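Worksheet: one structure, shown below.
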Amino acid sequence: ATPMSIMVGVGRGAQAGVLIKNAEALERMEKIDTLVIDKTGTLTEGKPKVVAIASAEGFDEAQVLRLAASVERGSEHPLAAAIVAAATERNLELAPVRGFDAPAGKGVIGMVERQRLALGNAKFLAELNIDTAPVAAKAEEMRQDGATAIFLAVNGKPAGVIAIADPVKPTTPDALKALAAEGIRVVMLTGDNRTTALAVAKRLGIAEVEAEVLPDQKSAVVEKLTREGRVVAMAGDGVNDAPALAAAQVGIAMGTGSDVAIESAGITLLKGDLTGIVKARALSAAVMSNIR
Ligand code: ADP
Ligand code: MG
């Protein structure tokens, strides 16, 4: 495309909240046939809320929430923010945490009031040799509703499970409909549990789901599709999405997301509105037809 037509395209994008960083991204966008898309913070608001709490024998809901929030204060994850917000709303007094650690895509651990706390998904607790069976049925119910189930263990024993739900962005269904109409193959890519991911995907009409993908494995999904001959765009908001954004033909970051994601992407959707992907494709087609 000519420098002039690219400048016009970039300008029109900016007016629509679609920030195009380079000519390459604009030129490639119309050739995309596959969109790999992160769930939390991309398809959804990324502002999850605690919607239910279940406690195991010997604990009550307030205790579960207070202990969970005490550890999560150390984490910057949106799920952590939801748990801390719910505890604050109920005026629960949080305790200090020592020896805090947050393995990416898994959960958090720390010492609170001389108790060893672990909080995270079922896989993470299994890795720590904690048997979540006493609250497993509750967790499964939560997931079938599309919520993320976060387990709390105290001194190696399950204490409860917290359901956190993240509403879909109001603009997401329209964006997906338009992309489907253009024949784009959409693949949801998430670190979240499979049942939760499938529940959200079903609601959105997304047929392909790659769930329980650890942060360092996300780019492998993009690379595999590329090897299969697909022309892949990747959309995501998180630090954990950055390598996948960089691996794609076009990386699309949410302006509402992390700086690392924005730096790794050729296009940024200022307000995180996914209809911007459709607009970027239209701009790309317009710019490229100018030179043909
Ligand atoms: P996504 O790919 O959907 O943006 P992440 O890779 O950030 O999600 O996280 C994947 C999963 O790891 C979460 O669904 C959750 O089960 C667990 N997890 C990550 N961070 C935390 C945390 N701070 N507290 C509890 N669980 C967490
Ligand atoms: Mg995310």
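Starting from 1 in every chain, residues are counted up; chains themselves are A, B, ... following the order of the structure tokens, and ligands are numbered from 1 as listed.
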Taking only C-alpha atoms and all ligand atoms into account, report as an MDAnalysis selection string which residues have an atom no farther than 7 Å from an atom of ligand 1. chainID A and resid 38:41 72 75:77 79:80 102 104:108 119:121 148:150 189:193 212 214:215 238 240
How would the residues just chosen look if you wrote them out with N, CA and C atoms as a short mmCIF file (atom, residue, chain, number, x, y, z; two decimals), in the first residue's frame?
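So the final result, stored in out-v7.cif, reads:
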data_model
loop_
_atom_site.label_atom_id
_atom_site.label_comp_id
_atom_site.auth_asym_id
_atom_site.auth_seq_id
_atom_site.Cartn_x
_atom_site.Cartn_y
_atom_site.Cartn_z
N ASP A 38 -8.19 -14.66 23.68
CA ASP A 38 -8.15 -14.88 25.13
C ASP A 38 -9.53 -14.64 25.72
N LYS A 39 -9.82 -15.31 26.82
CA LYS A 39 -11.15 -15.15 27.43
C LYS A 39 -11.19 -13.97 28.42
N THR A 40 -10.46 -14.15 29.54
CA THR A 40 -10.57 -13.18 30.63
C THR A 40 -9.98 -11.82 30.26
N GLY A 41 -10.82 -10.80 30.25
CA GLY A 41 -10.34 -9.46 29.96
C GLY A 41 -10.35 -9.12 28.48
N GLU A 72 -4.64 -13.10 48.79
CA GLU A 72 -4.77 -12.51 47.44
C GLU A 72 -4.37 -11.04 47.40
N SER A 75 -1.52 -10.37 45.21
CA SER A 75 -1.57 -10.68 43.78
C SER A 75 -2.21 -9.55 42.99
N GLU A 76 -1.79 -9.40 41.72
CA GLU A 76 -2.36 -8.35 40.87
C GLU A 76 -3.39 -8.93 39.90
N HIS A 77 -3.66 -10.25 40.03
CA HIS A 77 -4.58 -10.91 39.11
C HIS A 77 -6.01 -10.39 39.29
N LEU A 79 -8.70 -11.99 39.35
CA LEU A 79 -9.42 -12.86 40.28
C LEU A 79 -9.11 -12.48 41.72
N ALA A 80 -7.87 -12.09 41.97
CA ALA A 80 -7.45 -11.66 43.30
C ALA A 80 -8.19 -10.39 43.69
N ALA A 102 3.16 -16.40 43.87
CA ALA A 102 2.04 -16.48 42.91
C ALA A 102 2.50 -17.11 41.60
N ALA A 104 2.39 -18.23 38.05
CA ALA A 104 1.52 -17.72 36.97
C ALA A 104 0.56 -18.79 36.46
N GLY A 105 -0.70 -18.40 36.29
CA GLY A 105 -1.71 -19.29 35.73
C GLY A 105 -2.16 -20.39 36.67
N LYS A 106 -1.76 -20.31 37.93
CA LYS A 106 -2.10 -21.38 38.89
C LYS A 106 -2.84 -20.88 40.13
N GLY A 107 -2.24 -19.89 40.83
CA GLY A 107 -2.84 -19.42 42.07
C GLY A 107 -1.83 -18.74 42.98
N VAL A 108 -2.11 -18.76 44.27
CA VAL A 108 -1.22 -18.09 45.23
C VAL A 108 -1.04 -18.95 46.48
N LEU A 119 -4.32 -21.16 47.39
CA LEU A 119 -5.54 -20.72 46.75
C LEU A 119 -5.31 -20.78 45.25
N GLY A 120 -6.22 -21.45 44.54
CA GLY A 120 -6.04 -21.51 43.09
C GLY A 120 -6.91 -22.56 42.45
N ASN A 121 -6.56 -22.95 41.23
CA ASN A 121 -7.39 -23.93 40.53
C ASN A 121 -7.09 -25.35 41.00
N THR A 148 -15.58 -19.28 37.43
CA THR A 148 -14.29 -19.89 37.72
C THR A 148 -14.29 -20.31 39.18
N ALA A 149 -13.91 -21.56 39.45
CA ALA A 149 -13.90 -22.05 40.83
C ALA A 149 -12.48 -21.96 41.38
N ILE A 150 -12.33 -21.23 42.48
CA ILE A 150 -11.02 -21.09 43.13
C ILE A 150 -11.07 -21.79 44.48
N LEU A 189 -8.81 -19.15 23.68
CA LEU A 189 -7.57 -19.61 24.30
C LEU A 189 -7.51 -19.08 25.72
N THR A 190 -7.51 -19.98 26.71
CA THR A 190 -7.57 -19.51 28.09
C THR A 190 -6.83 -20.42 29.06
N GLY A 191 -6.37 -19.82 30.12
CA GLY A 191 -5.75 -20.58 31.20
C GLY A 191 -6.78 -21.16 32.14
N ASP A 192 -8.01 -20.74 31.96
CA ASP A 192 -9.08 -21.14 32.87
C ASP A 192 -9.48 -22.60 32.63
N ASN A 193 -10.22 -23.12 33.59
CA ASN A 193 -10.72 -24.49 33.57
C ASN A 193 -11.59 -24.78 32.33
N GLU A 212 -7.21 -24.42 29.90
CA GLU A 212 -6.17 -24.88 30.84
C GLU A 212 -4.78 -24.76 30.22
N LEU A 214 -1.29 -23.06 30.03
CA LEU A 214 -0.41 -22.25 30.88
C LEU A 214 0.15 -21.08 30.07
N PRO A 215 0.50 -19.96 30.77
CA PRO A 215 0.96 -18.76 30.06
C PRO A 215 2.06 -19.03 29.03
N GLY A 238 -3.48 -9.72 28.50
CA GLY A 238 -2.63 -9.94 29.66
C GLY A 238 -1.15 -10.05 29.36
N ASN A 240 0.42 -12.53 30.14
CA ASN A 240 0.53 -13.93 29.71
C ASN A 240 0.18 -14.12 28.23
#
Can you check which parts of segment 157-247 of chain A lie within 12 Å of segment 130-145 of chain A? Per residue, the shortest pair of atoms and distance in Å to one decimal, counting only C-alpha atoms, sorted by chain and number, as JSON lines.
{"residue": "A:Lys157", "atom": "CA", "partner": "A:Ile130", "partner_atom": "CA", "distance": 6.3}
{"residue": "A:Pro158", "atom": "CA", "partner": "A:Thr132", "partner_atom": "CA", "distance": 5.8}
{"residue": "A:Ala159", "atom": "CA", "partner": "A:Val135", "partner_atom": "CA", "distance": 8.3}
{"residue": "A:Gly160", "atom": "CA", "partner": "A:Val135", "partner_atom": "CA", "distance": 6.6}
{"residue": "A:Val161", "atom": "CA", "partner": "A:Ala139", "partner_atom": "CA", "distance": 6.6}
{"residue": "A:Ile162", "atom": "CA", "partner": "A:Ala139", "partner_atom": "CA", "distance": 8.0}
{"residue": "A:Ala163", "atom": "CA", "partner": "A:Met142", "partner_atom": "CA", "distance": 6.0}
{"residue": "A:Ile164", "atom": "CA", "partner": "A:Met142", "partner_atom": "CA", "distance": 8.5}
{"residue": "A:Ala165", "atom": "CA", "partner": "A:Asp145", "partner_atom": "CA", "distance": 8.8}
{"residue": "A:Asp166", "atom": "CA", "partner": "A:Asp145", "partner_atom": "CA", "distance": 11.2}
{"residue": "A:Pro167", "atom": "CA", "partner": "A:Asp145", "partner_atom": "CA", "distance": 11.8}
{"residue": "A:Asp192", "atom": "CA", "partner": "A:Arg143", "partner_atom": "CA", "distance": 10.3}
{"residue": "A:Asn193", "atom": "CA", "partner": "A:Arg143", "partner_atom": "CA", "distance": 8.0}
{"residue": "A:Arg194", "atom": "CA", "partner": "A:Arg143", "partner_atom": "CA", "distance": 8.7}
{"residue": "A:Thr195", "atom": "CA", "partner": "A:Arg143", "partner_atom": "CA", "distance": 5.8}
{"residue": "A:Thr196", "atom": "CA", "partner": "A:Arg143", "partner_atom": "CA", "distance": 4.6}
{"residue": "A:Ala197", "atom": "CA", "partner": "A:Arg143", "partner_atom": "CA", "distance": 8.4}
{"residue": "A:Leu198", "atom": "CA", "partner": "A:Gln144", "partner_atom": "CA", "distance": 8.5}
{"residue": "A:Ala199", "atom": "CA", "partner": "A:Gln144", "partner_atom": "CA", "distance": 6.2}
{"residue": "A:Val200", "atom": "CA", "partner": "A:Asp145", "partner_atom": "CA", "distance": 8.6}
{"residue": "A:Ala201", "atom": "CA", "partner": "A:Gln144", "partner_atom": "CA", "distance": 11.7}
{"residue": "A:Lys202", "atom": "CA", "partner": "A:Gln144", "partner_atom": "CA", "distance": 10.9}
{"residue": "A:Arg203", "atom": "CA", "partner": "A:Asp145", "partner_atom": "CA", "distance": 10.5}
Which residues come within 9 Å of Arg73 of chain A, counting only C-alpha atoms, excluding same-chain residues fewer than 4 positions away, as a PDB file with N, CA and C atoms, in the first residue's frame?
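Ended up saving to part-v7.pdb:
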ATOM      1  N   ALA A  68      -8.888 -16.145  52.208  1.00  0.00           N
ATOM      2  CA  ALA A  68      -8.553 -16.057  50.781  1.00  0.00           C
ATOM      3  C   ALA A  68      -8.102 -14.641  50.433  1.00  0.00           C
ATOM      4  N   ALA A  69      -8.864 -13.649  50.902  1.00  0.00           N
ATOM      5  CA  ALA A  69      -8.537 -12.256  50.583  1.00  0.00           C
ATOM      6  C   ALA A  69      -7.210 -11.842  51.216  1.00  0.00           C
ATOM      7  N   ALA A  80      -7.867 -12.094  41.966  1.00  0.00           N
ATOM      8  CA  ALA A  80      -7.446 -11.665  43.301  1.00  0.00           C
ATOM      9  C   ALA A  80      -8.187 -10.393  43.693  1.00  0.00           C
ATOM     10  N   ALA A  81      -8.295  -9.471  42.744  1.00  0.00           N
ATOM     11  CA  ALA A  81      -8.994  -8.208  43.012  1.00  0.00           C
ATOM     12  C   ALA A  81     -10.455  -8.476  43.377  1.00  0.00           C
ATOM     13  N   ILE A  83     -11.711 -11.154  44.840  1.00  0.00           N
ATOM     14  CA  ILE A  83     -11.790 -11.745  46.183  1.00  0.00           C
ATOM     15  C   ILE A  83     -11.566 -10.675  47.253  1.00  0.00           C
ATOM     16  N   VAL A  84     -10.586  -9.809  47.038  1.00  0.00           N
ATOM     17  CA  VAL A  84     -10.310  -8.734  48.008  1.00  0.00           C
ATOM     18  C   VAL A  84     -11.509  -7.777  48.075  1.00  0.00           C
ATOM     19  N   LEU A  94      -8.698  -8.059  57.071  1.00  0.00           N
ATOM     20  CA  LEU A  94      -7.701  -8.948  56.480  1.00  0.00           C
ATOM     21  C   LEU A  94      -6.453  -9.042  57.363  1.00  0.00           C
ATOM     22  N   PRO A  96      -2.205 -10.007  57.758  1.00  0.00           N
ATOM     23  CA  PRO A  96      -0.996  -9.924  56.931  1.00  0.00           C
ATOM     24  C   PRO A  96      -0.558 -11.309  56.426  1.00  0.00           C
ATOM     25  N   VAL A  97       0.129 -11.306  55.287  1.00  0.00           N
ATOM     26  CA  VAL A  97       0.597 -12.565  54.702  1.00  0.00           C
ATOM     27  C   VAL A  97       2.124 -12.575  54.684  1.00  0.00           C
TER      28      VAL A  97
END
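Here the question is which of A:Leu26, A:Ala247, A:Ala87, A:Leu35 gets nearest to Gly183 of chain A using only C-alpha atoms, and that residue is A:Leu35.
Here atom CA of Asp33 of chain A and atom CA of Arg230 of chain A stand 6.5 Å from one another.
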Step one, run DSSP on the backbone; step two, keep only residues of segment 157-262 of chain A assigned to alpha helix (DSSP H); then write them as a PDB file with C-alpha atoms, in the first residue's frame.
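Generated output (out-v7.pdb):
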ATOM      1  CA  THR A 172     -18.590  -9.193  22.211  1.00  0.00           C
ATOM      2  CA  PRO A 173     -21.604 -11.056  20.683  1.00  0.00           C
ATOM      3  CA  ASP A 174     -21.901  -8.503  17.829  1.00  0.00           C
ATOM      4  CA  ALA A 175     -18.191  -8.682  17.083  1.00  0.00           C
ATOM      5  CA  LEU A 176     -18.246 -12.494  16.962  1.00  0.00           C
ATOM      6  CA  LYS A 177     -21.327 -12.506  14.723  1.00  0.00           C
ATOM      7  CA  ALA A 178     -19.648 -10.160  12.238  1.00  0.00           C
ATOM      8  CA  LEU A 179     -16.446 -12.240  12.224  1.00  0.00           C
ATOM      9  CA  ALA A 180     -18.425 -15.459  11.678  1.00  0.00           C
ATOM     10  CA  ALA A 181     -20.237 -13.816   8.761  1.00  0.00           C
ATOM     11  CA  ARG A 194     -12.239 -26.410  30.611  1.00  0.00           C
ATOM     12  CA  THR A 195     -15.813 -26.624  31.939  1.00  0.00           C
ATOM     13  CA  THR A 196     -15.891 -22.877  32.709  1.00  0.00           C
ATOM     14  CA  ALA A 197     -14.388 -22.045  29.312  1.00  0.00           C
ATOM     15  CA  LEU A 198     -16.877 -24.306  27.477  1.00  0.00           C
ATOM     16  CA  ALA A 199     -19.821 -22.718  29.313  1.00  0.00           C
ATOM     17  CA  VAL A 200     -18.715 -19.226  28.234  1.00  0.00           C
ATOM     18  CA  ALA A 201     -17.885 -20.411  24.676  1.00  0.00           C
ATOM     19  CA  LYS A 202     -21.304 -22.048  24.303  1.00  0.00           C
ATOM     20  CA  ARG A 203     -23.034 -18.830  25.335  1.00  0.00           C
ATOM     21  CA  LEU A 204     -21.013 -16.985  22.664  1.00  0.00           C
ATOM     22  CA  LYS A 218      -0.274 -19.840  24.670  1.00  0.00           C
ATOM     23  CA  SER A 219       2.081 -18.941  21.817  1.00  0.00           C
ATOM     24  CA  ALA A 220       2.423 -22.639  20.916  1.00  0.00           C
ATOM     25  CA  VAL A 221      -1.278 -22.691  19.999  1.00  0.00           C
ATOM     26  CA  VAL A 222      -0.761 -19.764  17.596  1.00  0.00           C
ATOM     27  CA  GLU A 223       2.354 -21.411  16.134  1.00  0.00           C
ATOM     28  CA  LYS A 224       0.557 -24.720  15.578  1.00  0.00           C
ATOM     29  CA  LEU A 225      -2.302 -23.071  13.663  1.00  0.00           C
ATOM     30  CA  THR A 226       0.242 -21.125  11.605  1.00  0.00           C
ATOM     31  CA  ARG A 227       2.088 -24.350  10.716  1.00  0.00           C
ATOM     32  CA  ALA A 242       2.240 -11.174  25.054  1.00  0.00           C
ATOM     33  CA  PRO A 243       4.269 -14.031  23.472  1.00  0.00           C
ATOM     34  CA  ALA A 244       1.174 -15.266  21.582  1.00  0.00           C
ATOM     35  CA  LEU A 245       0.447 -11.722  20.360  1.00  0.00           C
ATOM     36  CA  ALA A 246       4.009 -11.501  19.059  1.00  0.00           C
ATOM     37  CA  ALA A 247       3.805 -14.950  17.404  1.00  0.00           C
ATOM     38  CA  ASP A 259       1.375  -2.510  28.797  1.00  0.00           C
ATOM     39  CA  VAL A 260       3.356  -5.626  27.922  1.00  0.00           C
ATOM     40  CA  ALA A 261       0.489  -6.891  25.760  1.00  0.00           C
ATOM     41  CA  ILE A 262       0.132  -3.496  24.052  1.00  0.00           C
TER      42      ILE A 262
END
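Remark: for ligand 2, the closest of the candidate residues A:Glu61, A:Glu45, A:Glu27, A:Glu263 is A:Glu45 (distances computed over only C-alpha atoms and all ligand atoms).
Between ligand 2 and the candidates A:Glu30, A:Glu93, A:Asp273, A:Asp241, the tightest atom-to-atom separation, counting only C-alpha atoms and all ligand atoms, involves A:Asp241.
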Taking the DSSP secondary structure from the backbone, can you list the residues of segment 40-264 of chain A that are strand (DSSP E), as number ranges by chain? A: 49-55, 97-101, 107-112, 115-120, 148-154, 157-165, 185-189, 208-210, 232-236, 250-254
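The coordinates place atom CA of Gly9 of chain A at 18.1 Å from atom CA of Leu274 of chain A.
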